[in-house]
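Structure below is work_3.txt: compact mmCIF, C-alpha atoms.
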```txt
# COMPACT_ATOMS: atom_id res chain seq x y z
CA MET R 20 95.50 116.56 118.68
CA VAL R 21 93.80 113.35 117.57
CA SER R 22 90.58 112.68 119.50
CA GLY R 23 89.29 109.27 120.60
CA LEU R 24 86.60 109.60 117.95
CA ASP R 25 89.22 110.21 115.24
CA GLU R 26 91.10 107.09 116.38
CA ALA R 27 87.95 104.97 116.47
CA LEU R 28 86.99 106.17 112.98
CA THR R 29 90.44 105.32 111.63
CA PHE R 30 89.77 101.76 112.77
CA VAL R 31 86.25 101.79 111.31
CA LEU R 32 87.51 103.06 107.95
CA GLU R 33 90.33 100.49 107.87
CA LEU R 34 87.74 97.73 108.32
CA ASP R 35 86.39 98.56 104.86
CA ARG R 36 89.23 96.49 103.41
CA LEU R 37 87.65 93.27 104.70
CA LYS R 38 85.14 93.70 101.86
CA SER R 39 87.99 93.03 99.42
CA VAL R 40 89.19 89.76 100.99
CA GLU R 41 87.63 86.89 99.06
CA ARG R 42 86.91 83.49 100.61
CA ARG R 43 86.66 80.09 98.90
CA THR R 44 83.02 79.73 99.93
CA PRO R 45 80.56 80.26 97.07
CA LEU R 46 77.33 82.21 97.41
CA LEU R 47 74.37 79.83 97.38
CA ASP R 48 73.44 81.00 93.87
CA GLY R 49 76.95 80.07 92.71
CA SER R 50 77.50 83.51 91.14
CA ARG R 51 80.79 84.23 92.95
CA CYS R 52 82.59 83.60 96.24
CA GLU R 53 81.62 85.58 99.33
CA THR R 54 83.85 88.23 100.88
CA ASP R 55 85.14 88.07 104.44
CA ALA R 56 82.85 90.99 105.37
CA GLU R 57 79.81 89.13 104.00
CA HIS R 58 80.77 85.94 105.81
CA SER R 59 81.27 87.86 109.07
CA TRP R 60 77.78 89.36 108.77
CA HIS R 61 76.20 86.04 107.84
CA VAL R 62 77.71 84.09 110.72
CA ALA R 63 76.98 86.83 113.28
CA THR R 64 73.36 86.96 112.14
CA ALA R 65 73.19 83.15 112.16
CA ALA R 66 74.14 83.37 115.85
CA LEU R 67 70.95 85.38 116.44
CA ALA R 68 68.83 82.86 114.53
CA LEU R 69 70.49 79.80 116.11
CA ALA R 70 70.65 81.08 119.69
CA ASP R 71 68.58 78.07 120.85
CA TYR R 72 71.49 75.79 119.93
CA ALA R 73 74.02 77.54 122.18
CA PRO R 74 74.84 75.57 125.34
CA ALA R 75 73.47 76.98 128.60
CA GLY R 76 75.52 79.86 129.96
CA VAL R 77 76.76 81.14 126.59
CA SER R 78 76.58 84.95 126.24
CA LEU R 79 75.13 85.63 122.81
CA PRO R 80 76.30 89.29 122.71
CA ARG R 81 79.90 88.18 123.35
CA VAL R 82 79.59 85.47 120.67
CA ILE R 83 78.27 88.01 118.16
CA ALA R 84 81.01 90.52 118.99
CA MET R 85 83.65 87.80 118.49
CA LEU R 86 82.15 86.82 115.15
CA LEU R 87 82.06 90.44 113.95
CA ILE R 88 85.82 90.82 114.50
CA HIS R 89 87.10 87.25 114.15
CA ASP R 90 88.34 87.66 110.57
CA ILE R 91 89.51 91.29 110.50
CA VAL R 92 93.16 90.20 110.74
CA GLU R 93 92.72 88.84 107.22
CA ILE R 94 92.85 92.47 106.05
CA ASP R 95 96.62 92.10 106.46
CA ALA R 96 97.10 88.32 106.56
CA GLY R 97 94.68 87.20 103.82
CA ASP R 98 92.17 84.35 103.90
CA THR R 99 93.43 80.88 104.82
CA PRO R 100 91.28 78.29 103.06
CA LEU R 101 90.03 75.70 105.55
CA TYR R 102 91.49 72.68 103.75
CA GLU R 103 94.97 74.01 102.99
CA GLU R 104 98.24 74.23 104.93
CA HIS R 105 98.67 77.28 107.14
CA GLY R 106 102.42 78.13 107.02
CA ASP R 107 103.18 81.30 108.99
CA GLN R 108 99.51 82.31 109.10
CA GLU R 109 99.45 82.53 112.90
CA ASP R 110 102.40 84.95 113.07
CA ARG R 111 100.91 87.13 110.36
CA GLU R 112 97.56 87.19 112.12
CA GLN R 113 99.12 88.19 115.44
CA ARG R 114 100.94 91.08 113.76
CA ALA R 115 97.73 92.10 112.03
CA ALA R 116 95.87 92.07 115.36
CA ASP R 117 98.57 94.26 116.91
CA ARG R 118 98.23 96.79 114.09
CA LEU R 119 94.46 96.84 113.72
CA PHE R 120 93.35 96.85 117.35
CA GLY R 121 96.18 99.31 117.97
CA LEU R 122 94.35 101.88 115.85
CA LEU R 123 91.59 102.18 118.47
CA PRO R 124 91.67 104.24 121.67
CA GLN R 125 93.62 102.16 124.18
CA ALA R 126 90.81 100.81 126.38
CA ARG R 127 88.52 99.89 123.49
CA GLY R 128 91.40 98.36 121.55
CA ALA R 129 92.43 96.21 124.53
CA GLU R 130 88.83 95.06 125.04
CA LEU R 131 88.32 93.98 121.43
CA ARG R 132 91.80 92.43 121.22
CA ALA R 133 91.03 90.32 124.30
CA LEU R 134 87.82 89.17 122.62
CA TRP R 135 89.74 88.24 119.46
CA ASP R 136 92.36 86.39 121.54
CA GLU R 137 89.57 84.50 123.31
CA PHE R 138 88.06 83.46 119.97
CA GLU R 139 91.46 82.32 118.72
CA ALA R 140 92.14 80.30 121.89
CA GLY R 141 88.76 78.61 121.53
CA GLU R 142 88.60 77.55 125.16
CA SER R 143 85.72 79.52 126.67
CA ALA R 144 82.12 78.40 126.11
CA ASP R 145 81.45 81.63 124.19
CA ALA R 146 84.46 81.09 121.91
CA ARG R 147 83.54 77.44 121.36
CA PHE R 148 80.03 78.35 120.21
CA ALA R 149 81.37 81.15 118.00
CA ARG R 150 83.92 78.80 116.41
CA ALA R 151 81.24 76.15 115.90
CA LEU R 152 79.14 78.63 113.90
CA ASP R 153 82.18 79.78 111.92
CA ARG R 154 82.89 76.19 110.81
CA PHE R 155 79.24 75.27 110.38
CA MET R 156 78.41 77.93 107.80
CA PRO R 157 80.81 76.69 105.08
CA LEU R 158 79.30 73.19 105.40
CA LEU R 159 75.90 74.62 104.51
CA HIS R 160 77.34 76.45 101.52
CA ASP R 161 79.38 73.51 100.26
CA ILE R 162 76.51 70.99 100.44
CA ARG R 163 74.07 73.45 98.80
CA THR R 164 76.33 74.37 95.89
CA GLY R 165 77.16 70.96 94.48
CA GLY R 166 80.25 70.51 96.61
CA GLY R 167 81.47 74.11 96.70
CA SER R 168 85.00 74.46 98.06
CA TRP R 169 85.26 70.67 98.66
CA THR R 170 85.20 69.69 95.02
CA ARG R 171 87.86 72.31 94.23
CA THR R 172 90.26 70.52 96.64
CA PRO R 173 91.47 67.34 94.85
CA GLY R 174 91.39 64.12 96.92
CA LEU R 175 89.60 65.65 99.90
CA THR R 176 88.21 62.96 102.23
CA VAL R 177 85.27 63.21 104.59
CA GLY R 178 87.69 62.35 107.40
CA ALA R 179 89.82 65.40 106.64
CA VAL R 180 86.76 67.66 106.60
CA ARG R 181 85.38 66.08 109.78
CA ALA R 182 88.70 66.78 111.54
CA ARG R 183 88.66 70.40 110.33
CA VAL R 184 85.14 71.04 111.57
CA SER R 185 85.36 68.98 114.77
CA VAL R 186 85.30 72.19 116.84
CA ILE R 187 81.56 72.20 116.11
CA GLU R 188 81.19 69.24 118.50
CA ARG R 189 82.65 71.21 121.42
CA GLY R 190 80.52 74.26 120.64
CA SER R 191 77.07 72.89 119.92
CA PRO R 192 76.01 69.20 120.06
CA GLU R 193 72.89 69.88 117.96
CA LEU R 194 74.86 71.59 115.17
CA TRP R 195 77.40 68.75 115.29
CA ALA R 196 74.65 66.16 114.81
CA TYR R 197 73.38 68.16 111.82
CA ALA R 198 76.93 68.44 110.46
CA GLN R 199 77.26 64.64 110.52
CA ARG R 200 74.21 64.33 108.30
CA VAL R 201 75.66 66.95 105.92
CA LEU R 202 78.95 65.03 105.69
CA ASP R 203 77.18 61.70 105.09
CA GLU R 204 75.21 63.33 102.28
CA ALA R 205 78.42 64.81 100.85
CA VAL R 206 79.91 61.31 100.53
CA GLU R 207 76.70 59.87 99.03
CA ARG R 208 76.71 62.61 96.41
CA GLY R 209 80.39 62.13 95.63
CA TYR R 210 81.49 65.60 96.83
CA LEU R 211 83.90 64.03 99.35
CA LEU R 212 85.84 60.75 99.33
CA ALA R 213 84.75 58.16 101.93
CA MET J 19 58.29 66.79 110.40
CA VAL J 20 60.32 69.99 110.11
CA SER J 21 62.38 70.70 113.24
CA GLY J 22 63.07 74.12 114.74
CA LEU J 23 66.65 73.76 113.54
CA ASP J 24 65.48 73.11 109.98
CA GLU J 25 63.29 76.23 110.14
CA ALA J 26 66.09 78.37 111.57
CA LEU J 27 68.48 77.12 108.87
CA THR J 28 65.97 77.94 106.13
CA PHE J 29 66.09 81.54 107.40
CA VAL J 30 69.90 81.49 107.64
CA LEU J 31 70.24 80.17 104.09
CA GLU J 32 67.75 82.73 102.76
CA LEU J 33 69.88 85.52 104.26
CA ASP J 34 72.62 84.65 101.76
CA ARG J 35 70.70 86.68 99.18
CA LEU J 36 71.57 89.93 101.00
CA LYS J 37 75.08 89.47 99.55
CA SER J 38 73.60 90.10 96.10
CA VAL J 39 71.84 93.39 96.94
CA GLU J 40 74.10 96.24 95.85
CA ARG J 41 74.07 99.64 97.53
CA ARG J 42 75.03 103.02 96.09
CA THR J 43 77.87 103.42 98.58
CA PRO J 44 81.33 102.86 97.10
CA LEU J 45 84.08 100.92 98.86
CA LEU J 46 86.76 103.31 100.10
CA ASP J 47 89.13 102.11 97.37
CA GLY J 48 86.48 103.01 94.78
CA SER J 49 86.68 99.56 93.16
CA ARG J 50 82.94 98.84 93.34
CA CYS J 51 79.88 99.52 95.52
CA GLU J 52 79.37 97.56 98.73
CA THR J 53 76.68 94.93 99.17
CA ASP J 54 73.97 95.12 101.80
CA ALA J 55 75.59 92.24 103.68
CA GLU J 56 78.92 94.08 103.76
CA HIS J 57 77.26 97.30 104.93
CA SER J 58 75.39 95.42 107.66
CA TRP J 59 78.65 93.91 108.94
CA HIS J 60 80.48 97.22 108.76
CA VAL J 61 77.87 99.20 110.66
CA ALA J 62 77.39 96.49 113.33
CA THR J 63 81.15 96.36 113.88
CA ALA J 64 81.30 100.16 113.93
CA ALA J 65 78.82 100.00 116.83
CA LEU J 66 81.43 98.00 118.77
CA ALA J 67 84.17 100.51 117.97
CA LEU J 68 82.00 103.58 118.61
CA ALA J 69 80.28 102.33 121.79
CA ASP J 70 81.63 105.36 123.70
CA TYR J 71 79.44 107.62 121.56
CA ALA J 72 76.17 105.90 122.50
CA PRO J 73 74.04 107.90 124.96
CA ALA J 74 73.84 106.52 128.50
CA GLY J 75 71.40 103.65 128.84
CA VAL J 76 71.76 102.34 125.30
CA SER J 77 72.05 98.53 125.11
CA LEU J 78 74.86 97.82 122.66
CA PRO J 79 73.86 94.14 122.12
CA ARG J 80 70.35 95.26 121.09
CA VAL J 81 71.81 97.93 118.79
CA ILE J 82 74.07 95.37 117.14
CA ALA J 83 71.26 92.85 116.72
CA MET J 84 69.12 95.57 115.09
CA LEU J 85 71.93 96.52 112.72
CA LEU J 86 72.53 92.89 111.73
CA ILE J 87 68.91 92.48 110.58
CA HIS J 88 67.92 96.04 109.64
CA ASP J 89 68.38 95.60 105.90
CA ILE J 90 67.35 91.97 105.36
CA VAL J 91 63.97 93.05 103.96
CA GLU J 92 65.93 94.38 100.98
CA ILE J 93 66.30 90.74 99.90
CA ASP J 94 62.75 91.10 98.59
CA ALA J 95 62.29 94.87 98.43
CA GLY J 96 65.67 95.97 97.02
CA ASP J 97 67.89 98.83 98.18
CA THR J 98 66.38 102.29 98.43
CA PRO J 99 69.09 104.88 97.76
CA LEU J 100 69.13 107.49 100.51
CA TYR J 101 68.61 110.48 98.23
CA GLU J 102 65.80 109.14 96.01
CA GLU J 103 62.02 108.95 96.35
CA HIS J 104 60.65 105.94 98.16
CA GLY J 105 57.34 105.06 96.41
CA ASP J 106 55.76 101.92 97.86
CA GLN J 107 59.00 100.92 99.59
CA GLU J 108 57.39 100.74 103.02
CA ASP J 109 54.68 98.31 101.92
CA ARG J 110 57.20 96.12 100.16
CA GLU J 111 59.44 96.07 103.20
CA GLN J 112 56.57 95.11 105.52
CA ARG J 113 55.66 92.19 103.24
CA ALA J 114 59.30 91.16 103.12
CA ALA J 115 59.51 91.24 106.93
CA ASP J 116 56.39 89.04 107.15
CA ARG J 117 57.91 86.49 104.81
CA LEU J 118 61.48 86.45 106.14
CA PHE J 119 60.88 86.49 109.89
CA GLY J 120 58.04 84.00 109.24
CA LEU J 121 60.61 81.42 108.16
CA LEU J 122 61.94 81.18 111.72
CA PRO J 123 60.46 79.15 114.58
CA GLN J 124 57.61 81.24 115.98
CA ALA J 125 59.18 82.64 119.16
CA ARG J 126 62.51 83.53 117.56
CA GLY J 127 60.78 85.03 114.53
CA ALA J 128 58.56 87.19 116.72
CA GLU J 129 61.55 88.38 118.76
CA LEU J 130 63.60 89.41 115.72
CA ARG J 131 60.57 90.95 113.99
CA ALA J 132 59.92 93.09 117.08
CA LEU J 133 63.54 94.24 116.95
CA TRP J 134 63.21 95.14 113.27
CA ASP J 135 59.94 96.99 113.96
CA GLU J 136 61.68 98.91 116.75
CA PHE J 137 64.51 99.92 114.40
CA GLU J 138 62.01 101.04 111.77
CA ALA J 139 60.00 103.08 114.29
CA GLY J 140 63.21 104.78 115.45
CA GLU J 141 61.76 105.88 118.76
CA SER J 142 63.68 103.94 121.42
CA ALA J 143 67.16 105.05 122.47
CA ASP J 144 68.59 101.81 121.08
CA ALA J 145 66.90 102.32 117.71
CA ARG J 146 67.98 105.96 117.58
CA PHE J 147 71.65 105.06 118.09
CA ALA J 148 71.39 102.22 115.55
CA ARG J 149 69.81 104.54 112.99
CA ALA J 150 72.45 107.19 113.67
CA LEU J 151 75.21 104.71 112.82
CA ASP J 152 73.34 103.52 109.72
CA ARG J 153 73.21 107.08 108.38
CA PHE J 154 76.69 108.03 109.57
CA MET J 155 78.55 105.32 107.66
CA PRO J 156 77.60 106.52 104.14
CA LEU J 157 78.81 110.04 105.05
CA LEU J 158 82.26 108.60 105.77
CA HIS J 159 82.28 106.73 102.47
CA ASP J 160 81.01 109.66 100.41
CA ILE J 161 83.52 112.18 101.81
CA ARG J 162 86.42 109.71 101.45
CA THR J 163 85.66 108.74 97.85
CA GLY J 164 85.56 112.11 96.14
CA GLY J 165 81.85 112.60 96.71
CA GLY J 166 80.70 108.99 96.29
CA SER J 167 76.93 108.65 95.97
CA TRP J 168 76.43 112.45 96.35
CA THR J 169 78.09 113.39 93.09
CA ARG J 170 76.03 110.77 91.25
CA THR J 171 72.84 112.59 92.32
CA PRO J 172 72.54 115.73 90.15
CA GLY J 173 71.72 118.96 91.99
CA LEU J 174 72.01 117.49 95.48
CA THR J 175 72.23 120.19 98.16
CA VAL J 176 73.83 119.99 101.58
CA GLY J 177 70.44 120.88 103.04
CA ALA J 178 68.83 117.82 101.45
CA VAL J 179 71.60 115.58 102.78
CA ARG J 180 71.44 117.19 106.23
CA ALA J 181 67.69 116.49 106.35
CA ARG J 182 68.25 112.85 105.34
CA VAL J 183 70.87 112.24 108.00
CA SER J 184 69.27 114.32 110.75
CA VAL J 185 68.41 111.14 112.65
CA ILE J 186 72.07 111.15 113.66
CA GLU J 187 71.36 114.12 115.93
CA ARG J 188 68.76 112.18 117.94
CA GLY J 189 71.02 109.13 118.21
CA SER J 190 74.43 110.52 119.07
CA PRO J 191 75.33 114.20 119.62
CA GLU J 192 79.07 113.50 119.09
CA LEU J 193 78.52 111.77 115.76
CA TRP J 194 76.19 114.59 114.72
CA ALA J 195 78.88 117.19 115.46
CA TYR J 196 81.33 115.17 113.37
CA ALA J 197 78.73 114.84 110.58
CA GLN J 198 78.43 118.65 110.44
CA ARG J 199 82.14 118.94 109.77
CA VAL J 200 81.88 116.30 107.04
CA LEU J 201 79.03 118.19 105.37
CA ASP J 202 80.89 121.53 105.56
CA GLU J 203 83.89 119.88 103.92
CA ALA J 204 81.63 118.37 101.24
CA VAL J 205 80.44 121.86 100.27
CA GLU J 206 83.99 123.28 100.32
CA ARG J 207 85.14 120.52 97.99
CA GLY J 208 82.17 120.98 95.67
CA TYR J 209 80.64 117.54 96.30
CA LEU J 210 77.37 119.13 97.49
CA LEU J 211 75.63 122.40 96.57
CA ALA J 212 75.49 125.00 99.36
```

If you took the structure in this file and wrote it as structure tokens, what would it be?
Amino acid sequence: MVSGLDEALTFVLELDRLKSVERRTPLLDGSRCETDAEHSWHVATAALALADYAPAGVSLPRVIAMLLIHDIVEIDAGDTPLYEEHGDQEDREQRAADRLFGLLPQARGAELRALWDEFEAGESADARFARALDRFMPLLHDIRTGGGSWTRTPGLTVGAVRARVSVIERGSPELWAYAQRVLDEAVERGYLLA
Amino acid sequence: MVSGLDEALTFVLELDRLKSVERRTPLLDGSRCETDAEHSWHVATAALALADYAPAGVSLPRVIAMLLIHDIVEIDAGDTPLYEEHGDQEDREQRAADRLFGLLPQARGAELRALWDEFEAGESADARFARALDRFMPLLHDIRTGGGSWTRTPGLTVGAVRARVSVIERGSPELWAYAQRVLDEAVERGYLLA
């Protein structure tokens, strides 16, 4: 007989694999790229620090919960770099969500899966703020590391990056205004094509 | 003129350094030890999965916020392995908390510092559950990796480990019962001295 605690711990132990999924985003000291687990911590903690820039009515605890689980499907599906084509990524992520949230006791699994679905849909105010933070963080890393993932993508234009991060505008006007200044600086420094 | 957003982002960027603080706890695949940032993500996400094992009245959002920031002082003070002497660790961590939370706009910094102080004090129900999770996670890693950090500490007894993790009992009776079974198994397998 497998208890609810055994099921929940199977999920918790499986999450360990997110520490072995590497992103394209460099650490600020340039020593290596961050892992998905590190990114998930950083962006969830950034939500705490940047709570003043969430639109009125946003539930910070729901945003943080979304950010903690938003990338766990990459345990199965791998990281999709922001400036590359996606292929069958969506199908693979849906299958990964079925498997991973399915490890949990039914009620808890359904609750966290609904939260992940809400993040993916990006329609609610909570999901929009969470997605804004998720896209905002790599901008900080790329501008602070001499171009970071941008300069490793040949021919990347500021327009292409602006389109990729435009969800920031819907999630937080103040972070979007800051992002514009980052992108202008990226062009001035030659990290992105005008 | 430095804006509140600039101050908050200085804090967010400084947090990146937690990705370079290595713990003694091995990843479950044994490939390397986890970083503090990875641990902080894992334990905060475990709080979501293990919410059913929090005593009545515990605020899960406060627990998760505590877990997200509980180790950031190790950016300055370094990791203190669970089964070693502490020296002047407490002083160093207090100075680190002054510096790091002082980077934030005043109100936000005071709020997060109070949360960190509450975790450190370990008296509130929220802090007790957060501390229980923080001590529970390494037990899972150590038992699943052939002894993990235990077997790298010569002469370590199950009594010494039980004393170190006894905060689990005050935070979550169900997790404490599970921890007892883990410790019994650790002795049976020869990872810890009886």

Mind checking which residues fall within 9 Å of range 192-199 of chain R, counting all atoms listed in the file, ignoring those fewer than 3 positions away in the same chain, and posting them as a ChimeraX atom specification? /R:72-74,151-152,155,158-159,181,184-189,202-204 /J:23

Take the residues that were just selected and, keeping C-alpha atoms, output them as a PDB file, keeping the file's coordinate frame.
```pdb
ATOM      1  CA  TYR R  72      71.490  75.790 119.930  1.00  0.00           C
ATOM      2  CA  ALA R  73      74.020  77.540 122.180  1.00  0.00           C
ATOM      3  CA  PRO R  74      74.840  75.570 125.340  1.00  0.00           C
ATOM      4  CA  ALA R 151      81.240  76.150 115.900  1.00  0.00           C
ATOM      5  CA  LEU R 152      79.140  78.630 113.900  1.00  0.00           C
ATOM      6  CA  PHE R 155      79.240  75.270 110.380  1.00  0.00           C
ATOM      7  CA  LEU R 158      79.300  73.190 105.400  1.00  0.00           C
ATOM      8  CA  LEU R 159      75.900  74.620 104.510  1.00  0.00           C
ATOM      9  CA  ARG R 181      85.380  66.080 109.780  1.00  0.00           C
ATOM     10  CA  VAL R 184      85.140  71.040 111.570  1.00  0.00           C
ATOM     11  CA  SER R 185      85.360  68.980 114.770  1.00  0.00           C
ATOM     12  CA  VAL R 186      85.300  72.190 116.840  1.00  0.00           C
ATOM     13  CA  ILE R 187      81.560  72.200 116.110  1.00  0.00           C
ATOM     14  CA  GLU R 188      81.190  69.240 118.500  1.00  0.00           C
ATOM     15  CA  ARG R 189      82.650  71.210 121.420  1.00  0.00           C
ATOM     16  CA  LEU R 202      78.950  65.030 105.690  1.00  0.00           C
ATOM     17  CA  ASP R 203      77.180  61.700 105.090  1.00  0.00           C
ATOM     18  CA  GLU R 204      75.210  63.330 102.280  1.00  0.00           C
TER      19      GLU R 204
ATOM     20  CA  LEU J  23      66.650  73.760 113.540  1.00  0.00           C
TER      21      LEU J  23
END
```

Using all atoms listed in the file, which chain J residues lie at most 8 Å away from chain R, written as a ChimeraX atom specification? /J:23,26-27,29-31,33-35,37,45-46,52,55-56,58-60,62-64,66-68,79,83,86-87,122,126,158

Separation of CA of Thr169 in chain J from CA of Glu40 in chain J, in Å and rounded to one decimal: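 Here the two named atoms are 17.8 Å from each other.
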
How many Å lie between CA of Ser78 in chain R and CA of Ala74 in chain J, rounded to one decimal?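 Computing it gives 21.9 Å between the two atoms.
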
Neighbour list for range 204-211 of chain J as a list in words, cut-off 8 Å, all atoms listed in the file, skip fewer than 6 positions in-chain: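 Counting only the stated atoms, we get Ile161, Gly164, Gly165, Trp168, Thr169, Gly173, Leu174, Thr175 and Val176 of chain J.
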
Rank nothing, just name the residue among J:Ser21, J:Thr43, J:Ser167, J:Thr28 nearest to Gly120 in chain J, using all atoms listed in the file.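 Closest residue, counting all atoms listed in the file: J:Thr28.
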
Surrounding residues of Asp144 in chain J excluding itself and chain neighbours under 2 positions, 7 Å, all atoms listed in the file, as a PyMOL selection string: chain J and resi 76-77+80-81+142+146-148

Export of the given selection (C-alpha atoms) as a PDB file, in the coordinates of the input:
```
ATOM      1  CA  VAL J  76      71.760 102.340 125.300  1.00  0.00           C
ATOM      2  CA  SER J  77      72.050  98.530 125.110  1.00  0.00           C
ATOM      3  CA  ARG J  80      70.350  95.260 121.090  1.00  0.00           C
ATOM      4  CA  VAL J  81      71.810  97.930 118.790  1.00  0.00           C
ATOM      5  CA  SER J 142      63.680 103.940 121.420  1.00  0.00           C
ATOM      6  CA  ARG J 146      67.980 105.960 117.580  1.00  0.00           C
ATOM      7  CA  PHE J 147      71.650 105.060 118.090  1.00  0.00           C
ATOM      8  CA  ALA J 148      71.390 102.220 115.550  1.00  0.00           C
TER       9      ALA J 148
END
```

List as a CSV table (one decimal) with C-alpha atoms, keeping the file's coordinate frame the protein and nucleic acid residues near range 106-115 of chain J, meaning an atom at most 6 Å away when all atoms listed in the file are counted, but skip any in the same chain fewer than 6 places from it.
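That gives us selection_38.csv:
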```csv
chain,number,residue,atom,x,y,z
J,91,VAL,CA,64.0,93.0,104.0
J,94,ASP,CA,62.8,91.1,98.6
J,95,ALA,CA,62.3,94.9,98.4
```

Would you work out the distance separating CA of Arg182 in chain J from CA of Ala212 in chain J, expressed in Å to one decimal?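 Value for the CA of Arg182 in chain J-CA of Ala212 in chain J distance: 15.4 Å.
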
Hey, could you patch up range 166-172 of chain R with all heavy atoms and hand it over as a PDB file, in the frame of the given file?
```pdb
ATOM      1  N   GLY R 166      78.911  70.873  96.128  1.00  0.00           N
ATOM      2  CA  GLY R 166      80.250  70.510  96.610  1.00  0.00           C
ATOM      3  C   GLY R 166      81.137  71.693  96.909  1.00  0.00           C
ATOM      4  O   GLY R 166      82.127  71.556  97.619  1.00  0.00           O
ATOM      5  N   GLY R 167      80.783  72.868  96.347  1.00  0.00           N
ATOM      6  CA  GLY R 167      81.470  74.110  96.700  1.00  0.00           C
ATOM      7  C   GLY R 167      82.974  73.993  96.791  1.00  0.00           C
ATOM      8  O   GLY R 167      83.629  73.511  95.860  1.00  0.00           O
ATOM      9  N   SER R 168      83.534  74.436  97.897  1.00  0.00           N
ATOM     10  CA  SER R 168      85.000  74.460  98.060  1.00  0.00           C
ATOM     11  C   SER R 168      85.576  73.048  98.167  1.00  0.00           C
ATOM     12  O   SER R 168      86.756  72.841  97.896  1.00  0.00           O
ATOM     13  CB  SER R 168      85.383  75.284  99.295  1.00  0.00           C
ATOM     14  OG  SER R 168      84.971  74.649 100.486  1.00  0.00           O
ATOM     15  N   TRP R 169      84.742  72.033  98.544  1.00  0.00           N
ATOM     16  CA  TRP R 169      85.260  70.670  98.660  1.00  0.00           C
ATOM     17  C   TRP R 169      85.754  70.140  97.323  1.00  0.00           C
ATOM     18  O   TRP R 169      86.844  69.582  97.225  1.00  0.00           O
ATOM     19  CB  TRP R 169      84.155  69.713  99.161  1.00  0.00           C
ATOM     20  CG  TRP R 169      83.660  69.977 100.543  1.00  0.00           C
ATOM     21  CD1 TRP R 169      84.378  70.469 101.587  1.00  0.00           C
ATOM     22  CD2 TRP R 169      82.338  69.746 101.032  1.00  0.00           C
ATOM     23  NE1 TRP R 169      83.574  70.543 102.701  1.00  0.00           N
ATOM     24  CE2 TRP R 169      82.322  70.114 102.397  1.00  0.00           C
ATOM     25  CE3 TRP R 169      81.156  69.247 100.459  1.00  0.00           C
ATOM     26  CZ2 TRP R 169      81.176  69.997 103.180  1.00  0.00           C
ATOM     27  CZ3 TRP R 169      80.024  69.140 101.234  1.00  0.00           C
ATOM     28  CH2 TRP R 169      80.021  69.514 102.586  1.00  0.00           C
ATOM     29  N   THR R 170      84.899  70.309  96.306  1.00  0.00           N
ATOM     30  CA  THR R 170      85.200  69.690  95.020  1.00  0.00           C
ATOM     31  C   THR R 170      86.318  70.437  94.283  1.00  0.00           C
ATOM     32  O   THR R 170      86.831  69.944  93.283  1.00  0.00           O
ATOM     33  CB  THR R 170      83.939  69.625  94.125  1.00  0.00           C
ATOM     34  OG1 THR R 170      83.325  70.908  94.119  1.00  0.00           O
ATOM     35  CG2 THR R 170      82.951  68.619  94.678  1.00  0.00           C
ATOM     36  N   ARG R 171      86.705  71.623  94.824  1.00  0.00           N
ATOM     37  CA  ARG R 171      87.860  72.310  94.230  1.00  0.00           C
ATOM     38  C   ARG R 171      89.157  71.939  94.944  1.00  0.00           C
ATOM     39  O   ARG R 171      90.207  72.502  94.641  1.00  0.00           O
ATOM     40  CB  ARG R 171      87.650  73.837  94.293  1.00  0.00           C
ATOM     41  CG  ARG R 171      86.507  74.319  93.388  1.00  0.00           C
ATOM     42  CD  ARG R 171      86.577  75.822  93.105  1.00  0.00           C
ATOM     43  NE  ARG R 171      86.582  76.613  94.312  1.00  0.00           N
ATOM     44  CZ  ARG R 171      85.495  76.986  94.986  1.00  0.00           C
ATOM     45  NH1 ARG R 171      84.302  76.617  94.564  1.00  0.00           N
ATOM     46  NH2 ARG R 171      85.594  77.716  96.074  1.00  0.00           N
ATOM     47  N   THR R 172      89.087  70.988  95.907  1.00  0.00           N
ATOM     48  CA  THR R 172      90.260  70.520  96.640  1.00  0.00           C
ATOM     49  C   THR R 172      90.469  69.036  96.282  1.00  0.00           C
ATOM     50  O   THR R 172      89.803  68.167  96.843  1.00  0.00           O
ATOM     51  CB  THR R 172      90.049  70.666  98.161  1.00  0.00           C
ATOM     52  OG1 THR R 172      89.584  71.989  98.447  1.00  0.00           O
ATOM     53  CG2 THR R 172      91.342  70.400  98.919  1.00  0.00           C
TER      54      THR R 172
END
```
